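Structure file protein_29.tsv (TSV, C-alpha atoms) follows.
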```
chain	number	residue	atom	x	y	z
A	1	MET	CA	73.48	-44.60	-37.27
A	2	ASN	CA	71.93	-44.75	-33.82
A	3	THR	CA	69.08	-42.21	-33.63
A	4	ARG	CA	67.51	-43.50	-30.45
A	5	PRO	CA	67.16	-40.88	-27.65
A	6	VAL	CA	69.50	-41.05	-24.69
A	7	ILE	CA	68.04	-43.09	-21.84
A	8	GLU	CA	67.67	-40.93	-18.77
A	9	LYS	CA	69.82	-41.82	-15.79
A	10	SER	CA	67.97	-42.18	-12.52
A	11	GLY	CA	70.86	-42.19	-10.04
A	12	ASN	CA	71.12	-38.45	-9.37
A	13	PRO	CA	68.54	-35.71	-8.92
A	14	LEU	CA	67.74	-33.56	-11.92
A	15	ALA	CA	68.11	-29.81	-11.43
A	16	LEU	CA	65.30	-28.20	-13.42
A	17	SER	CA	66.45	-24.61	-12.83
A	18	ALA	CA	68.92	-22.45	-10.92
A	19	SER	CA	68.69	-18.79	-9.92
A	20	PHE	CA	70.48	-16.31	-7.64
A	21	ASN	CA	68.95	-14.11	-4.97
A	22	HIS	CA	69.17	-10.30	-5.21
A	23	ASP	CA	72.86	-9.98	-4.28
A	24	ALA	CA	74.04	-13.42	-5.51
A	25	SER	CA	75.01	-14.44	-1.98
A	26	CYS	CA	72.84	-17.56	-2.41
A	27	PHE	CA	71.37	-19.54	-5.26
A	28	SER	CA	68.29	-21.75	-5.30
A	29	VAL	CA	67.76	-24.88	-7.37
A	30	GLY	CA	64.46	-26.42	-8.45
A	31	LEU	CA	64.68	-30.22	-8.62
A	32	ASP	CA	62.59	-33.08	-9.93
A	33	ASN	CA	62.08	-34.06	-6.27
A	34	GLY	CA	62.10	-30.82	-4.31
A	35	PHE	CA	64.38	-27.80	-4.09
A	36	CYS	CA	67.55	-26.73	-2.33
A	37	ILE	CA	69.47	-23.54	-1.50
A	38	PHE	CA	73.24	-23.02	-1.48
A	39	ASP	CA	75.62	-20.33	-0.32
A	40	SER	CA	77.33	-18.96	-3.42
A	41	ASP	CA	80.89	-18.54	-2.15
A	42	PRO	CA	81.97	-20.95	-0.93
A	43	CYS	CA	79.42	-23.31	-2.47
A	44	GLN	CA	77.76	-24.92	0.56
A	45	LEU	CA	74.32	-26.39	1.03
A	46	ARG	CA	72.02	-24.39	3.35
A	47	VAL	CA	68.58	-25.93	2.87
A	48	VAL	CA	67.24	-29.03	1.17
A	49	ARG	CA	63.55	-29.83	0.80
A	50	GLY	CA	62.68	-33.21	-0.69
A	51	ARG	CA	64.40	-36.54	-1.09
A	52	THR	CA	67.55	-35.00	-2.48
A	53	GLN	CA	69.50	-35.67	0.69
A	54	GLN	CA	70.16	-39.28	-0.26
A	55	PHE	CA	72.26	-38.11	-3.22
A	56	LEU	CA	74.30	-35.50	-1.36
A	57	THR	CA	77.50	-35.99	0.55
A	58	PRO	CA	77.16	-36.75	4.29
A	59	ASP	CA	78.70	-33.39	5.22
A	60	ALA	CA	76.23	-31.57	3.00
A	61	VAL	CA	73.31	-33.33	4.62
A	62	THR	CA	74.58	-32.38	8.05
A	63	ARG	CA	74.64	-28.72	7.00
A	64	ALA	CA	71.03	-28.83	5.81
A	65	LEU	CA	68.77	-27.07	8.29
A	66	LYS	CA	65.73	-29.35	7.98
A	67	VAL	CA	64.35	-31.95	5.59
A	68	ILE	CA	60.75	-32.42	4.52
A	69	ASP	CA	59.57	-34.63	1.70
A	70	PHE	CA	58.34	-32.73	-1.35
A	71	ASN	CA	59.01	-35.79	-3.54
A	72	ALA	CA	57.88	-34.05	-6.75
A	73	GLY	CA	59.05	-31.55	-9.33
A	74	ILE	CA	59.81	-27.87	-8.61
A	75	ALA	CA	60.56	-26.05	-11.86
A	76	THR	CA	61.27	-22.67	-10.25
A	77	ALA	CA	62.51	-21.75	-6.79
A	78	GLN	CA	63.03	-17.99	-6.45
A	79	MET	CA	64.32	-16.51	-3.21
A	80	LEU	CA	63.32	-13.26	-1.54
A	81	GLY	CA	66.80	-12.08	-0.54
A	82	LYS	CA	67.77	-14.25	2.42
A	83	ALA	CA	64.30	-14.18	3.94
A	84	ASN	CA	62.19	-17.24	4.66
A	85	TYR	CA	59.87	-16.71	1.67
A	86	ILE	CA	60.52	-18.66	-1.55
A	87	ALA	CA	58.37	-18.57	-4.69
A	88	LEU	CA	57.80	-22.06	-6.12
A	89	VAL	CA	56.31	-23.27	-9.40
A	90	GLY	CA	55.72	-26.94	-10.14
A	91	GLY	CA	57.33	-28.67	-13.11
A	92	GLY	CA	59.10	-31.74	-14.43
A	93	LYS	CA	57.52	-35.14	-15.05
A	94	GLN	CA	55.63	-35.12	-11.76
A	95	PRO	CA	54.98	-31.48	-10.75
A	96	ARG	CA	54.57	-30.83	-7.02
A	97	PHE	CA	52.28	-27.88	-7.75
A	98	ALA	CA	50.27	-26.79	-10.76
A	99	GLU	CA	52.37	-25.15	-13.48
A	100	ASN	CA	49.95	-22.22	-13.67
A	101	ARG	CA	50.20	-21.36	-9.97
A	102	VAL	CA	52.83	-19.53	-7.92
A	103	ILE	CA	53.27	-20.88	-4.40
A	104	VAL	CA	54.89	-18.54	-1.87
A	105	TRP	CA	56.48	-20.93	0.61
A	106	ASP	CA	57.24	-19.82	4.18
A	107	ASP	CA	60.24	-21.97	5.07
A	108	ALA	CA	60.24	-20.83	8.69
A	109	LYS	CA	56.72	-22.13	9.24
A	110	GLN	CA	57.09	-25.01	6.75
A	111	SER	CA	53.82	-24.03	5.12
A	112	ILE	CA	52.30	-22.26	2.13
A	113	ALA	CA	51.97	-18.53	2.86
A	114	MET	CA	49.94	-17.63	-0.24
A	115	GLN	CA	49.06	-18.78	-3.73
A	116	ILE	CA	48.70	-16.89	-7.01
A	117	PRO	CA	46.77	-18.77	-9.72
A	118	SER	CA	46.87	-17.82	-13.39
A	119	LEU	CA	45.14	-18.98	-16.57
A	120	SER	CA	48.35	-20.09	-18.30
A	121	ALA	CA	51.71	-21.59	-17.39
A	122	VAL	CA	54.02	-19.44	-15.28
A	123	ARG	CA	57.24	-18.57	-17.13
A	124	GLY	CA	59.01	-16.72	-14.34
A	125	VAL	CA	58.56	-15.04	-10.96
A	126	LYS	CA	60.38	-12.30	-9.01
A	127	LEU	CA	59.99	-11.10	-5.42
A	128	THR	CA	60.71	-8.06	-3.30
A	129	LYS	CA	59.40	-7.17	0.16
A	130	THR	CA	56.59	-5.17	-1.44
A	131	HIS	CA	55.81	-6.86	-4.77
A	132	ILE	CA	55.46	-10.22	-6.50
A	133	VAL	CA	55.84	-10.24	-10.30
A	134	VAL	CA	54.58	-13.19	-12.35
A	135	ALA	CA	55.68	-13.54	-15.97
A	136	LEU	CA	53.31	-15.37	-18.32
A	137	GLN	CA	53.66	-16.11	-22.03
A	138	ASN	CA	52.14	-12.77	-23.11
A	139	SER	CA	51.73	-10.70	-19.96
A	140	ILE	CA	53.33	-9.50	-16.75
A	141	ARG	CA	51.18	-9.44	-13.61
A	142	VAL	CA	52.28	-7.34	-10.63
A	143	TYR	CA	50.91	-8.06	-7.14
A	144	TYR	CA	51.34	-6.42	-3.79
A	145	PHE	CA	53.08	-8.71	-1.33
A	146	LYS	CA	50.19	-9.30	1.04
A	147	ASN	CA	47.86	-12.15	1.92
A	148	PRO	CA	45.78	-12.54	-0.12
A	149	PRO	CA	47.86	-11.07	-2.99
A	150	GLU	CA	46.33	-7.97	-4.57
A	151	VAL	CA	46.81	-7.13	-8.25
A	152	SER	CA	48.72	-3.88	-8.71
A	153	ALA	CA	49.07	-3.82	-12.52
A	154	ILE	CA	48.89	-6.00	-15.63
A	155	PHE	CA	51.02	-5.38	-18.73
A	156	GLU	CA	50.82	-7.03	-22.13
A	157	THR	CA	54.06	-8.30	-23.68
A	158	ALA	CA	55.32	-9.97	-26.82
A	159	ASP	CA	55.87	-13.72	-26.54
A	160	ASN	CA	58.03	-14.26	-23.46
A	161	PRO	CA	58.74	-18.01	-23.26
A	162	HIS	CA	61.79	-17.47	-21.02
A	163	GLY	CA	59.87	-15.43	-18.45
A	164	LEU	CA	62.17	-12.42	-18.77
A	165	CYS	CA	61.69	-9.76	-16.11
A	166	CYS	CA	63.88	-7.87	-13.65
A	167	LEU	CA	62.63	-6.40	-10.38
A	168	THR	CA	64.19	-3.99	-7.90
A	169	GLU	CA	62.58	-2.17	-4.97
A	170	LYS	CA	61.60	0.74	-7.24
A	171	THR	CA	61.69	-0.51	-10.85
A	172	LEU	CA	60.41	-3.31	-13.06
A	173	VAL	CA	61.74	-4.26	-16.51
A	174	PHE	CA	60.26	-6.76	-18.99
A	175	PRO	CA	59.69	-7.23	-22.76
A	176	GLY	CA	57.44	-4.77	-24.57
A	177	ARG	CA	54.47	-5.51	-26.80
A	178	THR	CA	56.71	-5.50	-29.88
A	179	PRO	CA	59.58	-8.03	-30.12
A	180	GLY	CA	62.88	-6.38	-29.19
A	181	GLN	CA	61.31	-3.61	-27.12
A	182	VAL	CA	61.71	-3.22	-23.35
A	183	GLN	CA	59.17	-1.76	-20.93
A	184	PHE	CA	60.63	0.08	-17.95
A	185	VAL	CA	58.19	0.74	-15.09
A	186	GLU	CA	58.71	2.99	-12.07
A	187	LEU	CA	56.74	1.20	-9.34
A	188	THR	CA	56.36	4.26	-7.13
A	189	THR	CA	54.82	6.47	-9.83
A	190	GLY	CA	53.52	3.94	-12.35
A	191	ASN	CA	55.37	5.71	-15.19
A	192	VAL	CA	56.13	3.43	-18.14
A	193	SER	CA	58.94	3.99	-20.66
A	194	ILE	CA	59.42	2.03	-23.89
A	195	ILE	CA	62.99	1.30	-25.02
A	196	PRO	CA	63.49	0.02	-28.61
A	197	ALA	CA	66.45	-2.15	-27.71
A	198	HIS	CA	66.67	-4.64	-30.59
A	199	SER	CA	65.07	-5.52	-33.91
A	200	SER	CA	64.55	-9.17	-32.89
A	201	ALA	CA	63.03	-10.77	-29.79
A	202	LEU	CA	64.78	-10.39	-26.44
A	203	ARG	CA	66.76	-13.31	-25.03
A	204	ALA	CA	68.23	-11.83	-21.82
A	205	ILE	CA	67.94	-8.67	-19.72
A	206	ASP	CA	69.43	-7.39	-16.47
A	207	ILE	CA	69.18	-4.23	-14.40
A	208	SER	CA	71.82	-2.93	-12.00
A	209	SER	CA	71.25	-3.05	-8.27
A	210	ASP	CA	70.78	0.73	-8.17
A	211	GLY	CA	68.27	0.56	-11.03
A	212	GLU	CA	70.24	3.03	-13.19
A	213	ILE	CA	71.61	0.67	-15.88
A	214	LEU	CA	69.78	-1.78	-18.15
A	215	ALA	CA	71.53	-4.42	-20.29
A	216	THR	CA	69.77	-6.34	-23.07
A	217	ALA	CA	70.54	-9.05	-25.63
A	218	SER	CA	68.39	-10.40	-28.45
A	219	GLU	CA	67.96	-13.87	-29.92
A	220	THR	CA	70.65	-13.04	-32.47
A	221	GLY	CA	73.22	-13.03	-29.66
A	222	THR	CA	75.92	-10.93	-31.30
A	223	LEU	CA	75.37	-7.56	-29.63
A	224	VAL	CA	74.63	-6.49	-26.05
A	225	ARG	CA	73.20	-3.01	-25.54
A	226	VAL	CA	73.37	-0.93	-22.38
A	227	PHE	CA	70.92	1.85	-21.49
A	228	ALA	CA	70.62	4.54	-18.82
A	229	THR	CA	67.21	4.13	-17.23
A	230	SER	CA	66.94	7.82	-16.30
A	231	ASN	CA	66.41	8.88	-19.93
A	232	CYS	CA	66.34	5.52	-21.78
A	233	ALA	CA	69.43	6.57	-23.78
A	234	ARG	CA	71.80	3.93	-25.09
A	235	ILE	CA	75.19	4.40	-23.43
A	236	ALA	CA	77.07	1.38	-24.82
A	237	GLU	CA	76.93	-1.27	-27.50
A	238	LEU	CA	79.09	-4.34	-26.96
A	239	ARG	CA	79.96	-7.14	-29.37
A	240	ARG	CA	80.01	-10.67	-28.00
A	241	GLY	CA	81.03	-12.11	-31.35
A	242	VAL	CA	80.29	-12.21	-35.06
A	243	ASP	CA	78.33	-15.45	-35.41
A	244	HIS	CA	74.91	-16.23	-33.94
A	245	ALA	CA	74.75	-17.44	-30.33
A	246	THR	CA	72.15	-18.07	-27.66
A	247	ILE	CA	72.76	-15.75	-24.73
A	248	TYR	CA	72.25	-17.61	-21.46
A	249	SER	CA	72.69	-14.82	-18.93
A	250	LEU	CA	73.56	-11.15	-18.46
A	251	SER	CA	74.68	-9.72	-15.13
A	252	ILE	CA	75.91	-6.28	-14.03
A	253	CYS	CA	78.47	-6.17	-11.20
A	254	PRO	CA	77.64	-4.47	-7.86
A	255	SER	CA	79.39	-1.19	-8.74
A	256	GLY	CA	77.71	-1.03	-12.16
A	257	HIS	CA	80.98	-0.77	-14.10
A	258	LEU	CA	81.32	-4.34	-15.42
A	259	LEU	CA	78.98	-6.63	-17.35
A	260	ALA	CA	79.30	-10.43	-17.64
A	261	VAL	CA	77.71	-12.46	-20.45
A	262	THR	CA	77.45	-16.21	-21.07
A	263	SER	CA	76.29	-18.00	-24.20
A	264	ASP	CA	75.98	-21.43	-25.78
A	265	LYS	CA	79.55	-20.99	-27.05
A	266	SER	CA	80.50	-22.05	-23.50
A	267	THR	CA	82.26	-18.72	-23.01
A	268	LEU	CA	82.01	-16.15	-20.23
A	269	HIS	CA	82.74	-12.59	-21.47
A	270	VAL	CA	83.43	-9.59	-19.25
A	271	PHE	CA	82.99	-6.01	-20.51
A	272	ASP	CA	83.63	-2.55	-19.17
A	273	ILE	CA	80.49	-0.42	-19.18
A	274	PRO	CA	79.98	3.26	-18.33
A	275	HIS	CA	77.84	4.31	-15.40
A	276	PRO	CA	75.54	7.26	-16.15
A	277	THR	CA	75.90	9.04	-12.81
A	278	ARG	CA	79.21	8.10	-11.22
A	279	THR	CA	82.76	7.65	-12.42
A	280	ARG	CA	84.82	4.60	-11.65
A	281	ARG	CA	87.05	5.01	-8.63
A	282	PHE	CA	90.55	3.58	-8.43
A	283	SER	CA	89.60	1.81	-5.18
A	284	GLU	CA	87.10	-0.30	-7.13
A	285	THR	CA	89.87	-1.91	-9.21
A	286	LYS	CA	92.95	-1.97	-6.99
A	287	GLY	CA	91.61	-4.97	-5.04
A	288	SER	CA	91.84	-7.25	-8.08
A	289	PRO	CA	94.22	-10.23	-7.71
A	290	ARG	CA	97.49	-9.73	-9.58
A	291	LEU	CA	99.26	-12.16	-11.89
A	292	THR	CA	103.04	-12.51	-11.81
A	293	SER	CA	105.58	-14.24	-14.01
A	294	MET	CA	105.76	-16.95	-11.34
A	295	GLY	CA	102.07	-17.71	-11.88
A	296	GLY	CA	100.65	-16.14	-8.74
A	297	GLY	CA	96.87	-15.98	-8.96
A	298	GLY	CA	96.75	-18.51	-11.78
A	299	SER	CA	97.24	-18.16	-15.51
A	300	PRO	CA	94.80	-17.32	-18.28
A	301	LEU	CA	93.40	-20.14	-20.35
A	302	THR	CA	94.78	-20.37	-23.88
A	303	GLY	CA	92.79	-18.27	-26.28
A	304	ASP	CA	90.63	-16.82	-23.52
A	305	VAL	CA	91.85	-13.23	-23.68
A	306	ASP	CA	90.09	-10.62	-25.78
A	307	SER	CA	90.71	-6.90	-25.92
A	308	SER	CA	88.07	-4.22	-26.17
A	309	GLN	CA	90.27	-2.86	-28.99
A	310	LYS	CA	90.40	-6.24	-30.68
A	311	TRP	CA	91.31	-5.05	-34.16
A	312	GLY	CA	93.71	-2.27	-33.16
A	313	ILE	CA	94.33	0.32	-35.86
A	314	LEU	CA	91.83	-1.36	-38.19
A	315	GLY	CA	89.07	-0.08	-35.95
A	316	ARG	CA	89.97	3.50	-36.89
A	317	ILE	CA	89.97	3.02	-40.66
A	318	PRO	CA	86.77	4.45	-42.18
A	319	LEU	CA	84.40	2.41	-44.39
A	320	LEU	CA	85.47	-0.95	-42.94
A	321	PRO	CA	82.67	-3.17	-41.57
A	322	ARG	CA	81.58	-2.19	-38.06
A	323	VAL	CA	82.89	-5.44	-36.53
A	324	PHE	CA	86.34	-3.85	-36.70
A	325	SER	CA	85.34	-0.81	-34.62
A	326	ASP	CA	82.91	-2.45	-32.17
A	327	VAL	CA	83.76	-2.81	-28.48
A	328	TYR	CA	84.65	-6.36	-27.42
A	329	SER	CA	85.12	-7.93	-24.00
A	330	PHE	CA	88.38	-7.18	-22.20
A	331	ALA	CA	88.54	-10.75	-20.89
A	332	SER	CA	86.81	-14.10	-21.34
A	333	ALA	CA	86.99	-17.65	-20.02
A	334	HIS	CA	85.54	-21.08	-20.76
A	335	PHE	CA	82.78	-22.39	-18.49
A	336	GLU	CA	81.48	-25.96	-18.40
A	337	MET	CA	78.06	-26.74	-19.81
A	338	GLY	CA	78.26	-30.56	-19.88
A	339	ASP	CA	76.64	-32.76	-22.49
A	340	GLU	CA	73.07	-32.81	-21.24
A	341	PRO	CA	70.51	-35.00	-23.05
A	342	LEU	CA	66.92	-33.97	-23.62
A	343	TYR	CA	64.70	-34.93	-20.71
A	344	GLY	CA	61.12	-36.09	-20.68
A	345	SER	CA	59.29	-32.79	-20.24
A	346	SER	CA	59.87	-29.09	-19.85
A	347	PRO	CA	60.12	-27.81	-16.25
A	348	ILE	CA	57.43	-25.28	-17.11
A	349	THR	CA	55.05	-26.28	-19.87
A	350	ASN	CA	56.09	-24.65	-23.16
A	351	PRO	CA	53.87	-25.16	-26.19
A	352	THR	CA	56.88	-24.75	-28.47
A	353	VAL	CA	58.80	-27.53	-26.72
A	354	ASP	CA	57.04	-30.88	-26.57
A	355	SER	CA	59.89	-33.37	-26.84
A	356	GLY	CA	61.99	-32.24	-23.90
A	357	PHE	CA	64.08	-29.39	-22.55
A	358	ARG	CA	67.71	-28.55	-22.05
A	359	PRO	CA	68.51	-27.43	-18.50
A	360	SER	CA	69.52	-23.82	-18.00
A	361	LYS	CA	73.27	-23.21	-18.05
A	362	GLY	CA	75.61	-20.29	-17.52
A	363	ILE	CA	73.54	-18.42	-14.91
A	364	ILE	CA	75.71	-15.53	-13.64
A	365	GLY	CA	75.99	-13.96	-10.20
A	366	TRP	CA	78.54	-11.37	-9.02
A	367	THR	CA	79.58	-11.80	-5.38
A	368	SER	CA	81.90	-8.78	-5.71
A	369	ASP	CA	83.39	-6.64	-8.47
A	370	GLN	CA	86.20	-9.18	-8.79
A	371	SER	CA	84.33	-12.46	-8.31
A	372	ILE	CA	81.83	-14.15	-10.64
A	373	ILE	CA	79.83	-17.32	-9.92
A	374	VAL	CA	78.40	-19.34	-12.82
A	375	VAL	CA	75.91	-22.14	-12.12
A	376	GLY	CA	73.94	-24.51	-14.31
A	377	ALA	CA	71.12	-27.02	-13.95
A	378	GLY	CA	70.69	-30.61	-15.23
A	379	ARG	CA	72.09	-33.85	-13.87
A	380	ASP	CA	75.63	-32.58	-14.38
A	381	ALA	CA	74.83	-29.43	-12.36
A	382	ARG	CA	77.97	-27.37	-11.80
A	383	TRP	CA	79.13	-24.40	-9.78
A	384	GLU	CA	82.14	-22.45	-11.04
A	385	LYS	CA	83.96	-19.43	-9.63
A	386	PHE	CA	85.88	-16.94	-11.76
A	387	ILE	CA	87.98	-13.97	-10.68
A	388	ILE	CA	89.04	-10.82	-12.49
A	389	ALA	CA	92.83	-10.65	-12.13
A	390	GLU	CA	95.32	-8.04	-13.30
A	391	GLY	CA	98.62	-8.88	-15.02
A	392	GLU	CA	101.96	-7.15	-14.58
A	393	ASN	CA	101.26	-4.96	-17.61
A	394	GLY	CA	97.89	-3.87	-16.24
A	395	LYS	CA	95.93	-6.15	-18.56
A	396	ARG	CA	92.98	-7.88	-16.93
A	397	PHE	CA	92.13	-11.58	-17.21
A	398	CYS	CA	89.18	-13.76	-16.26
A	399	LEU	CA	90.39	-16.90	-14.51
A	400	ARG	CA	88.56	-19.90	-13.13
A	401	ASP	CA	89.25	-20.17	-9.40
A	402	GLY	CA	87.28	-23.33	-8.57
A	403	TRP	CA	84.42	-25.61	-9.56
A	404	LYS	CA	82.11	-28.21	-8.06
A	405	ARG	CA	79.30	-30.61	-8.98
A	406	TYR	CA	77.01	-29.24	-6.32
A	407	LEU	CA	74.37	-32.00	-6.29
A	408	GLY	CA	76.61	-35.00	-5.73
A	409	ARG	CA	80.00	-36.30	-4.78
A	410	ILE	CA	82.91	-34.63	-6.55
```
Once you've parsed the file, please lay out its structure as structure tokens.
Amino acid sequence: MNTRPVIEKSGNPLALSASFNHDASCFSVGLDNGFCIFDSDPCQLRVVRGRTQQFLTPDAVTRALKVIDFNAGIATAQMLGKANYIALVGGGKQPRFAENRVIVWDDAKQSIAMQIPSLSAVRGVKLTKTHIVVALQNSIRVYYFKNPPEVSAIFETADNPHGLCCLTEKTLVFPGRTPGQVQFVELTTGNVSIIPAHSSALRAIDISSDGEILATASETGTLVRVFATSNCARIAELRRGVDHATIYSLSICPSGHLLAVTSDKSTLHVFDIPHPTRTRRFSETKGSPRLTSMGGGGSPLTGDVDSSQKWGILGRIPLLPRVFSDVYSFASAHFEMGDEPLYGSSPITNPTVDSGFRPSKGIIGWTSDQSIIVVGAGRDARWEKFIIAEGENGKRFCLRDGWKRYLGRI
């Protein structure tokens, strides 16, 4: 039996991370030799910084605005909308910047606008026009967006190795001091609410664009819970599946009526969720592509269709296990993860991971209520587009509408 580790390939750049901007119109990628930014739909390169251009197609290089040589690892590249500011954190085998320092890069001036040092490795970072939020292993630090940055607040958290936090113009969400709890902060007033979301540690969180809905998943990965932020009440509980899974990403659609979930089962699930303050309008669903018996709009993948009433009449029989009455996704589809080997070091130093890291996969962004983009990192870094389509009988499906290896030739 061959137990030797896979030898790393050196022909293509390694994507250390991928993340969407606030409205998923773009996504940024941290690389082992720089970073780059793509339009989400269609997937087109906008900016490349580093030596990545030698691996991209000639057309993609032509579309790049400028090229400067970073020539070192960027573990995190987080955009501020479509503005010229990008938050960078070093990582990989040869970090470009210290892993305990956030660099706010001004791409218009091609220079560092400001720096935020910390005493431990940065796990995550979020930006708005008014605030910068830095997630550390056991704390969240909030800064005013000014030069030099000024500390606004510091919050203690449970262990947060994935750097979980969500930031809107008015609200901030991150893990609480106790595993499974969520802290919800109103930035304008400073009010803090504690939501006991799960009994085990959090694995993924997301907040709607209007700040009214919060979705959470724990390390168990079987249930997703949805809360109204106005009163912290739980408004939905959704079942991804019965067996344990690692949730990769949660994302609420622009209207706040749909929730997408990816996991290490290589499956994208789509759920209906209630909105606490507005009802769903017919106009929000009538634009969905329609399927016909002739195959217009594509066809669902075999075995990829679930129903929220999965067990039918069994769900109404009392005393049966709750899995029969739980709400399931109305549609699902397979997304590609690739067979990524372990690489030499974590993009951001993690004391619990010393032999390597697996690149992030299944990162979700909604470009509309009918269109979902899923991206992943690694050497086999892929972009995939899915659409929500309606069949002749009114049943909805999730169909893959395109895919691309965005770092190299297809």
Test item: which residues lie within 10 Å of (53.4, -26.7, -6.9) counting all atoms listed in the file, as a PyMOL selection string: chain A and resi 34+70+72-76+87-91+94-105+115
Using all atoms listed in the file, which protein or nucleic acid residues come within 10 Å of Asn191 of chain A? Drop anything in the same chain fewer than 6 positions from it, and give the result as an NGL selection string. :A and (171 or 184-185)
One number please: atom CA of Glu156 of chain A to atom CA of Ile363 of chain A, in Å, one decimal.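 Rounded to one decimal, the two atoms are 26.4 Å apart.
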Suppose you want the space between atom CA of Val125 of chain A and atom CA of Leu223 of chain A; what is it in Å?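 Computed distance, atom CA of Val125 of chain A to atom CA of Leu223 of chain A, equals 26.2 Å.
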If you count all atoms listed in the file, which residues fall within 8 Å of Asp41 of chain A, apart from same-chain ones fewer than 6 positions away, as number ranges by chain? A: 25, 367, 373
What gap, in Å, lies between atom CA of Ser17 of chain A and atom CA of Val173 of chain A?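 Going from atom CA of Ser17 of chain A over to atom CA of Val173 of chain A, I get 21.2 Å.
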Selection near Gly402 of chain A, 10 Å with only C-alpha atoms, sequence-local residues under 6 positions removed, as a VMD selection string: chain A and resid 42 to 43 373 383 to 387
Place a sphere of radius 7 Å on (56.1, -11.2, -27.1) in the file coordinates and name every protein, DNA or RNA residue with an atom inside or on its surface, counting all atoms listed in the file; give the answer as a tab-separated table (two decimals) with C-alpha atoms, keeping the file's coordinate frame.
```tsv
chain	number	residue	atom	x	y	z
A	138	ASN	CA	52.14	-12.77	-23.11
A	157	THR	CA	54.06	-8.30	-23.68
A	158	ALA	CA	55.32	-9.97	-26.82
A	159	ASP	CA	55.87	-13.72	-26.54
A	160	ASN	CA	58.03	-14.26	-23.46
A	175	PRO	CA	59.69	-7.23	-22.76
A	177	ARG	CA	54.47	-5.51	-26.80
A	178	THR	CA	56.71	-5.50	-29.88
A	179	PRO	CA	59.58	-8.03	-30.12
```
All residues 8 Å or closer to Thr220 of chain A, all atoms listed in the file, same chain fewer than 3 positions away omitted, as a ChimeraX atom specification: /A:200,217,223,244-246
Take the residues just selected and output them with C-alpha atoms as a compact mmCIF listing (two decimals), keeping the file's coordinate frame.
```
# COMPACT_ATOMS: atom_id res chain seq x y z
CA SER A 200 64.55 -9.17 -32.89
CA ALA A 217 70.54 -9.05 -25.63
CA LEU A 223 75.37 -7.56 -29.63
CA HIS A 244 74.91 -16.23 -33.94
CA ALA A 245 74.75 -17.44 -30.33
CA THR A 246 72.15 -18.07 -27.66
```
If we count only C-alpha atoms, what is near Tyr144 of chain A at a cut-off of 7 Å, once residues fewer than 3 positions away on the same chain are taken out, given as a ChimeraX atom specification? /A:130-132,149-152
How about saving the chosen residues, C-alpha atoms kept, as a tab-separated table (two decimals), in the frame of the given file?
```tsv
chain	number	residue	atom	x	y	z
A	130	THR	CA	56.59	-5.17	-1.44
A	131	HIS	CA	55.81	-6.86	-4.77
A	132	ILE	CA	55.46	-10.22	-6.50
A	149	PRO	CA	47.86	-11.07	-2.99
A	150	GLU	CA	46.33	-7.97	-4.57
A	151	VAL	CA	46.81	-7.13	-8.25
A	152	SER	CA	48.72	-3.88	-8.71
```
